[in-house]
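Q: What follows is a structure written as structure tokens; I'll ask about it next.
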Amino acid sequence: MARLNGVTRTPATSSQTPTTGTQHLIRRGETLSGIAQRYGTTVDALLQANRQIRNPNLIYAGQTLTIPTTRNTSAPNQAGSQAGSQYVVRRGDTLSEIAARNGIDLARLIKANTQIQNPNLIYPGQVINLPGRQVATPAPARPNPVQPSPTQPGPVPSRPTPAPSQPTTPAPPRVDTTAPVGTIPRTGNAFIDSIAADAIRSQRTTGVPASVTIAQAILESGWGRSELTRQANNYFGIKGTGPAGSVTMRTREVFNGREVYVNAQFRKYNSAAESFADHAQFFIRNPRYATAMRHTNDAFRFAAEIHKAGYATDPNYTKLLHSLMREYNLTRFDAIARNGNATPAPPPAAPTPAPAPSAPPAAGTREHRVRVGDTLSGIAQQYGTTVAALQRANPSITNPNLIYPGQRIVIPGSGSTNGSRPAPTPAPSTPPTSGSPVPPSRGLPRTEGMTTAQKFALYANYIERHGSAQAKADLAAGRTVILGLRVETNTRANGGQGVYDDRIVTLRKLPNGQFQVTELRANTEPGSQYEDGWSGRTRRPMGVDSNRDGRLDLGRLVDGTHEYMRANVGPNFGPTQPDGNNILMPTTSRPVVRDTNHDGVFDERDRNRNSFEGQTMYFHRGGTTNTYSAGCQTMPQSEFNRFWDSLGNQQRFQYVLVTVG
């Protein structure tokens, strides 16, 4: 992890309030550099004022910091201030979203951060320089790319790398990471979005299917969070010596059905692009993959053949790759590589101007710059207009369900012949009929007073934003889809027995055009009553020892879409109930994150936290005051009865899980 010392920010000069004696209570997710940025000071100054902090990269929620005296302290700068500032990357961020949120052109943001070698790859805790936002003046229209793959990245700084004296592997071919690949659909998954361009370039160069490349990157790198990926830019677990040397890691192997752990030497790369290029060349250079290379037009067969040829010793490797490819509809990227945009289209975020005037909007015309999470219906509601009117005013919007961060939308009826800016149109007291309720940015939505149709529209919005292609198709086809909204809760809450503070919703569009929506109190996280080694544990420990420290680690499902099916595991499952055998179970092994440091919280401090669960994270009934969950999705008895009734006769279900707070 990069040292955070020396991270500074230019404070605003609007006030000069001394901060002697100011205390800051650390909240979850904060970093020392972020706190320094907030108060217009430096990490070094914070460390000098807080001698109890020995590691600037390790602070905890609940700690109290003394804010040192500064000559010129102000309230935290707001994003997009004229002065340059810095931003600490949070989980799920991409450079394009940071640029859009702060009103900065992506090319300028990349140019201001020459330390970033691959614009598609940024990490939580990384510090990003935010150049001062330009004063809004009419200027010739130009593309404003917000796709994760920019066309003009800044210069890559040189950095020393330990080159091996006797390299055992030729360096991978140089890859032009700036070569445009055409319009790439956003998946809603930041990791997939960040690597799709590299995978597509790899397929166009070598034929290796992009879908398999992405699935392997997910599996081998733990969604980009593995120590091997962080330390060595190695996304595929390839062993040996790479262009930047090698690193030694402990790894799991399966021989004759038996797991063993060994220390092995893995290739180290200077960048993610090198790793992706070497991955494809690995198949081309090794004769044992010749059969696989004959099936590059069949991604699923290709995945099976590389497993058969010995890429991995895990007997479930093919099954895991196929599951990821189906769940995230990864073969769409194969089609883009084969057919899409030989002459690349502009990125979606830079919509083609309306065919009439090519000049900038007239003075007095209002524009809305799309932010992450915006929908066209929400924008219409905000400005007191309708989706249809927005589409008429913006002919470039051909699909009202597809808008992108950074896109500029003209608000109809806002022009003025004399150039004066009209007063904003007040929003109506009730949402326009053409709009849909918009999910809040944080927390569970309030649905009191909503009609069933409005609730359906609200929850369908979550499915549209976060669900897989299969989940969206099922909802459109009138099949029941399950939505989970998770509020993060410490596993020690309620004496370790869990809390029903999450929400499970079942959605279905009925054949007669009506809607069925069932909202249920639920729990999606484990309780510490099952935690190995916790002093308050009351039940047998459960979990998987992900970090090999001798203790089982509690886990929870990752956000995303999971497929479940009806199952029967016997009447003694869970709390004793007459129908306690009614459960849903995953159809395949599911990705899970684990509390490896046993602090009751699932966050980035948990090292080696990514794993795959078997098919044991069920939907089952819980107790009245005890959730009885070691990672399952549970509900009190009465709620579970309503849940089960809402499923009808359907046998399989897409479950979309979203963390909302």
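Residue numbering restarts at 1 in every chain; chains get A, B, ... in the order shown in the structure tokens, and ligands count up from 1 in that same order.
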A:Gly513: which residues within 12 Å, counting only C-alpha atoms, same-chain residues fewer than 5 positions away excluded, as a ChimeraX atom specification?

A: /A:452-453,456,476-478,508

Q: When you look at A:Thr331 with a cut-off of 9 Å (counting only C-alpha atoms), what residues show up, excluding the ones that are within fewer than 3 positions of it in the same chain? I need them as a PyMOL selection string.

A: chain A and resi 209-212+299+325-326+328+334-336

Q: Between atom CA of A:Lys239 and atom CA of A:Ser226, what distance in Å does the model show, to one decimal?

A: 14.9 Å

Q: Select, from A:Arg225, A:Arg465, A:Arg548, A:Arg594, the residue with the minimum atom-to-atom distance to A:Val438, counting only C-alpha atoms.

A: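 Among A:Arg225, A:Arg465, A:Arg548, A:Arg594, it is A:Arg465 that comes nearest to A:Val438.
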
Q: With only C-alpha atoms as the basis for distance, which of A:Gln651, A:Thr94, A:Thr251, A:Thr627 is at the shortest distance from A:Met565?

A: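 Under the stated criterion, the closest residue is A:Gln651.
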
Q: Which residue out of A:Asp298, A:Glu367, A:Glu519, A:Glu327 has the minimum interatomic distance to A:Lys472 when only C-alpha atoms are used?

A: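 Among A:Asp298, A:Glu367, A:Glu519, A:Glu327, it is A:Glu327 that comes nearest to A:Lys472.
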
Q: Excluding same-chain residues fewer than 5 positions from A:Asn490, what lies within 9 Å of it counting only C-alpha atoms, as number ranges by chain?

A: A: 496, 498, 525, 527-528, 599-602

Q: Please measure the separation of atom CA of A:Asp314 and atom CA of A:Gly242, giving the value in Å to one decimal.

A: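 Atom CA of A:Gly242 lies 23.8 Å from atom CA of A:Asp314.
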